[in-house]
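**Q** Here you go, one structure.
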Amino acid sequence: LRITAIGDVRKPDFASLRDKRIPASANSREREVFFPRVGMVVCPVLQRAQLREGELIEGPAVIEEYASTTVMLPGDALEVSRYGDLVITIARS
């Protein structure tokens, strides 16, 4: 079964996060997390819904949201994109 469709589709209007959220660091808490080769480390625990465009976070850190948790290892770096994507640069060991 194959189908081909042609149509005029408008691009979605993705809202930017600029100035719409408070800094995640304003509501962070901490938790001890175990990392292999490093051991127990006290990490900030941030809520993803509060991350703002352009925010930079250095690992280790934990980013929580309703359906998932992102764990950043020591040395990782995270930047929040214009649309709220978490762009993580993995540290080389």
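Naming works like this for the structure tokens: A, B, ... for the chains as they're shown, residue 1 at the start of each chain, ligands 1 onward in shown order.
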Using backbone DSSP assignments, extract all strand (DSSP E or B) residues from segment 36-92 of chain A; output them as a ChimeraX atom specification.
**A** /A:39-47,56-58,61-64,69-72,77-80,86-89
**Q** Write out as a PDB file with all heavy atoms, in the first residue's frame each polymer residue whose atoms come within 6 Å of segment 69-82 of chain A, counting only C-alpha atoms; drop sequence neighbours fewer than 2 positions from it.
**A**
ATOM      1  N   SER A  16       8.983  30.776  21.509  1.00  0.00           N
ATOM      2  CA  SER A  16      10.297  30.824  22.143  1.00  0.00           C
ATOM      3  C   SER A  16      10.101  30.840  23.654  1.00  0.00           C
ATOM      4  O   SER A  16       9.071  31.282  24.161  1.00  0.00           O
ATOM      5  CB  SER A  16      11.030  32.083  21.699  1.00  0.00           C
ATOM      6  OG  SER A  16      12.189  32.263  22.462  1.00  0.00           O
ATOM      7  N   GLU A  53      15.419  29.589  27.988  1.00  0.00           N
ATOM      8  CA  GLU A  53      16.239  29.646  26.777  1.00  0.00           C
ATOM      9  C   GLU A  53      17.621  30.200  27.114  1.00  0.00           C
ATOM     10  O   GLU A  53      17.748  31.194  27.826  1.00  0.00           O
ATOM     11  CB  GLU A  53      15.565  30.551  25.754  1.00  0.00           C
ATOM     12  CG  GLU A  53      16.401  30.831  24.540  1.00  0.00           C
ATOM     13  CD  GLU A  53      15.773  31.859  23.622  1.00  0.00           C
ATOM     14  OE1 GLU A  53      14.594  32.210  23.793  1.00  0.00           O
ATOM     15  OE2 GLU A  53      16.484  32.311  22.714  1.00  0.00           O
ATOM     16  N   GLY A  54      18.655  29.515  26.614  1.00  0.00           N
ATOM     17  CA  GLY A  54      20.025  29.976  26.804  1.00  0.00           C
ATOM     18  C   GLY A  54      20.645  29.606  28.130  1.00  0.00           C
ATOM     19  O   GLY A  54      21.828  29.865  28.348  1.00  0.00           O
ATOM     20  N   GLU A  55      19.873  29.010  29.023  1.00  0.00           N
ATOM     21  CA  GLU A  55      20.416  28.642  30.332  1.00  0.00           C
ATOM     22  C   GLU A  55      21.505  27.583  30.153  1.00  0.00           C
ATOM     23  O   GLU A  55      21.365  26.652  29.379  1.00  0.00           O
ATOM     24  CB  GLU A  55      19.299  28.116  31.230  1.00  0.00           C
ATOM     25  CG  GLU A  55      19.713  27.968  32.659  1.00  0.00           C
ATOM     26  CD  GLU A  55      18.538  28.007  33.617  1.00  0.00           C
ATOM     27  OE1 GLU A  55      17.379  28.072  33.178  1.00  0.00           O
ATOM     28  OE2 GLU A  55      18.814  27.961  34.822  1.00  0.00           O
ATOM     29  N   LEU A  56      22.606  27.757  30.872  1.00  0.00           N
ATOM     30  CA  LEU A  56      23.729  26.829  30.829  1.00  0.00           C
ATOM     31  C   LEU A  56      23.845  26.125  32.171  1.00  0.00           C
ATOM     32  O   LEU A  56      23.802  26.770  33.213  1.00  0.00           O
ATOM     33  CB  LEU A  56      25.031  27.580  30.531  1.00  0.00           C
ATOM     34  CG  LEU A  56      25.061  28.363  29.230  1.00  0.00           C
ATOM     35  CD1 LEU A  56      26.320  29.213  29.154  1.00  0.00           C
ATOM     36  CD2 LEU A  56      24.991  27.419  28.044  1.00  0.00           C
ATOM     37  N   ILE A  57      24.003  24.801  32.120  1.00  0.00           N
ATOM     38  CA  ILE A  57      24.130  24.009  33.341  1.00  0.00           C
ATOM     39  C   ILE A  57      25.332  23.101  33.183  1.00  0.00           C
ATOM     40  O   ILE A  57      25.477  22.415  32.171  1.00  0.00           O
ATOM     41  CB  ILE A  57      22.851  23.180  33.599  1.00  0.00           C
ATOM     42  CG1 ILE A  57      21.655  24.122  33.753  1.00  0.00           C
ATOM     43  CG2 ILE A  57      23.015  22.278  34.808  1.00  0.00           C
ATOM     44  CD1 ILE A  57      20.322  23.433  33.715  1.00  0.00           C
ATOM     45  N   GLU A  58      26.193  23.094  34.172  1.00  0.00           N
ATOM     46  CA  GLU A  58      27.367  22.222  34.169  1.00  0.00           C
ATOM     47  C   GLU A  58      27.048  20.991  35.022  1.00  0.00           C
ATOM     48  O   GLU A  58      26.497  21.116  36.107  1.00  0.00           O
ATOM     49  CB  GLU A  58      28.577  22.950  34.748  1.00  0.00           C
ATOM     50  CG  GLU A  58      29.026  24.151  33.924  1.00  0.00           C
ATOM     51  CD  GLU A  58      29.645  23.759  32.597  1.00  0.00           C
ATOM     52  OE1 GLU A  58      30.309  22.697  32.534  1.00  0.00           O
ATOM     53  OE2 GLU A  58      29.465  24.503  31.625  1.00  0.00           O
ATOM     54  N   GLY A  59      27.422  19.807  34.516  1.00  0.00           N
ATOM     55  CA  GLY A  59      27.208  18.573  35.258  1.00  0.00           C
ATOM     56  C   GLY A  59      28.230  18.417  36.361  1.00  0.00           C
ATOM     57  O   GLY A  59      29.269  19.061  36.337  1.00  0.00           O
ATOM     58  N   PRO A  60      27.906  17.651  37.355  1.00  0.00           N
ATOM     59  CA  PRO A  60      26.748  16.765  37.421  1.00  0.00           C
ATOM     60  C   PRO A  60      25.477  17.523  37.815  1.00  0.00           C
ATOM     61  O   PRO A  60      25.528  18.486  38.544  1.00  0.00           O
ATOM     62  CB  PRO A  60      27.137  15.760  38.496  1.00  0.00           C
ATOM     63  CG  PRO A  60      28.036  16.520  39.417  1.00  0.00           C
ATOM     64  CD  PRO A  60      28.784  17.486  38.531  1.00  0.00           C
ATOM     65  N   ALA A  61      24.358  17.036  37.308  1.00  0.00           N
ATOM     66  CA  ALA A  61      23.059  17.613  37.639  1.00  0.00           C
ATOM     67  C   ALA A  61      21.972  16.619  37.259  1.00  0.00           C
ATOM     68  O   ALA A  61      22.188  15.714  36.457  1.00  0.00           O
ATOM     69  CB  ALA A  61      22.839  18.931  36.896  1.00  0.00           C
ATOM     70  N   VAL A  62      20.794  16.811  37.852  1.00  0.00           N
ATOM     71  CA  VAL A  62      19.623  15.991  37.547  1.00  0.00           C
ATOM     72  C   VAL A  62      18.518  16.940  37.095  1.00  0.00           C
ATOM     73  O   VAL A  62      18.218  17.916  37.778  1.00  0.00           O
ATOM     74  CB  VAL A  62      19.167  15.184  38.784  1.00  0.00           C
ATOM     75  CG1 VAL A  62      17.911  14.388  38.486  1.00  0.00           C
ATOM     76  CG2 VAL A  62      20.282  14.269  39.276  1.00  0.00           C
ATOM     77  N   ILE A  63      17.937  16.651  35.924  1.00  0.00           N
ATOM     78  CA  ILE A  63      16.833  17.449  35.391  1.00  0.00           C
ATOM     79  C   ILE A  63      15.591  16.563  35.439  1.00  0.00           C
ATOM     80  O   ILE A  63      15.542  15.523  34.801  1.00  0.00           O
ATOM     81  CB  ILE A  63      17.089  17.879  33.923  1.00  0.00           C
ATOM     82  CG1 ILE A  63      18.488  18.439  33.721  1.00  0.00           C
ATOM     83  CG2 ILE A  63      16.006  18.840  33.457  1.00  0.00           C
ATOM     84  CD1 ILE A  63      18.804  19.693  34.481  1.00  0.00           C
ATOM     85  N   GLU A  64      14.583  16.991  36.208  1.00  0.00           N
ATOM     86  CA  GLU A  64      13.363  16.197  36.361  1.00  0.00           C
ATOM     87  C   GLU A  64      12.211  16.826  35.589  1.00  0.00           C
ATOM     88  O   GLU A  64      12.131  18.038  35.463  1.00  0.00           O
ATOM     89  CB  GLU A  64      12.955  16.118  37.835  1.00  0.00           C
ATOM     90  CG  GLU A  64      13.922  15.349  38.699  1.00  0.00           C
ATOM     91  CD  GLU A  64      13.456  15.277  40.144  1.00  0.00           C
ATOM     92  OE1 GLU A  64      12.709  16.165  40.604  1.00  0.00           O
ATOM     93  OE2 GLU A  64      13.859  14.317  40.826  1.00  0.00           O
ATOM     94  N   GLY A  84      13.355  25.054  23.993  1.00  0.00           N
ATOM     95  CA  GLY A  84      13.305  24.232  25.195  1.00  0.00           C
ATOM     96  C   GLY A  84      14.004  22.895  25.095  1.00  0.00           C
ATOM     97  O   GLY A  84      13.936  22.101  26.025  1.00  0.00           O
ATOM     98  N   ASP A  85      14.666  22.621  23.967  1.00  0.00           N
ATOM     99  CA  ASP A  85      15.418  21.369  23.838  1.00  0.00           C
ATOM    100  C   ASP A  85      16.618  21.401  24.775  1.00  0.00           C
ATOM    101  O   ASP A  85      17.240  22.450  24.982  1.00  0.00           O
ATOM    102  CB  ASP A  85      15.934  21.188  22.400  1.00  0.00           C
ATOM    103  CG  ASP A  85      14.808  21.200  21.381  1.00  0.00           C
ATOM    104  OD1 ASP A  85      13.825  20.469  21.586  1.00  0.00           O
ATOM    105  OD2 ASP A  85      14.932  21.946  20.390  1.00  0.00           O
ATOM    106  N   LEU A  86      16.965  20.255  25.329  1.00  0.00           N
ATOM    107  CA  LEU A  86      18.162  20.140  26.155  1.00  0.00           C
ATOM    108  C   LEU A  86      19.302  19.670  25.255  1.00  0.00           C
ATOM    109  O   LEU A  86      19.307  18.530  24.809  1.00  0.00           O
ATOM    110  CB  LEU A  86      17.941  19.136  27.295  1.00  0.00           C
ATOM    111  CG  LEU A  86      16.749  19.407  28.218  1.00  0.00           C
ATOM    112  CD1 LEU A  86      16.683  18.345  29.304  1.00  0.00           C
ATOM    113  CD2 LEU A  86      16.818  20.800  28.805  1.00  0.00           C
ATOM    114  N   VAL A  87      20.251  20.542  24.994  1.00  0.00           N
ATOM    115  CA  VAL A  87      21.386  20.212  24.145  1.00  0.00           C
ATOM    116  C   VAL A  87      22.556  19.912  25.075  1.00  0.00           C
ATOM    117  O   VAL A  87      23.091  20.814  25.720  1.00  0.00           O
ATOM    118  CB  VAL A  87      21.725  21.373  23.183  1.00  0.00           C
ATOM    119  CG1 VAL A  87      22.913  20.993  22.302  1.00  0.00           C
ATOM    120  CG2 VAL A  87      20.506  21.747  22.352  1.00  0.00           C
ATOM    121  N   ILE A  88      22.921  18.626  25.159  1.00  0.00           N
ATOM    122  CA  ILE A  88      23.931  18.190  26.114  1.00  0.00           C
ATOM    123  C   ILE A  88      25.216  17.821  25.392  1.00  0.00           C
ATOM    124  O   ILE A  88      25.206  17.049  24.448  1.00  0.00           O
ATOM    125  CB  ILE A  88      23.435  16.988  26.932  1.00  0.00           C
ATOM    126  CG1 ILE A  88      22.156  17.372  27.694  1.00  0.00           C
ATOM    127  CG2 ILE A  88      24.511  16.515  27.910  1.00  0.00           C
ATOM    128  CD1 ILE A  88      21.485  16.220  28.404  1.00  0.00           C
ATOM    129  N   THR A  89      26.310  18.398  25.852  1.00  0.00           N
ATOM    130  CA  THR A  89      27.634  18.048  25.374  1.00  0.00           C
ATOM    131  C   THR A  89      28.221  17.074  26.378  1.00  0.00           C
ATOM    132  O   THR A  89      28.378  17.402  27.547  1.00  0.00           O
ATOM    133  CB  THR A  89      28.540  19.289  25.247  1.00  0.00           C
ATOM    134  OG1 THR A  89      27.896  20.220  24.372  1.00  0.00           O
ATOM    135  CG2 THR A  89      29.907  18.916  24.714  1.00  0.00           C
ATOM    136  N   ILE A  90      28.498  15.851  25.904  1.00  0.00           N
ATOM    137  CA  ILE A  90      29.001  14.791  26.773  1.00  0.00           C
ATOM    138  C   ILE A  90      30.493  14.983  26.995  1.00  0.00           C
ATOM    139  O   ILE A  90      31.255  15.168  26.052  1.00  0.00           O
ATOM    140  CB  ILE A  90      28.752  13.406  26.131  1.00  0.00           C
ATOM    141  CG1 ILE A  90      27.265  13.230  25.785  1.00  0.00           C
ATOM    142  CG2 ILE A  90      29.264  12.285  27.019  1.00  0.00           C
ATOM    143  CD1 ILE A  90      26.330  13.251  26.956  1.00  0.00           C
ATOM    144  N   ALA A  91      30.908  14.921  28.260  1.00  0.00           N
ATOM    145  CA  ALA A  91      32.317  15.051  28.607  1.00  0.00           C
ATOM    146  C   ALA A  91      33.075  13.807  28.159  1.00  0.00           C
ATOM    147  O   ALA A  91      32.537  12.695  28.188  1.00  0.00           O
ATOM    148  CB  ALA A  91      32.485  15.247  30.109  1.00  0.00           C
TER     149      ALA A  91
END
**Q** Point out the residue among A:Val45, A:Ala67, A:Leu1, A:Val9 with the least atom-to-atom distance to Glu32 of chain A, counting only C-alpha atoms.
**A**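 When distances to Glu32 of chain A are compared using only C-alpha atoms, the smallest one comes from A:Val45.
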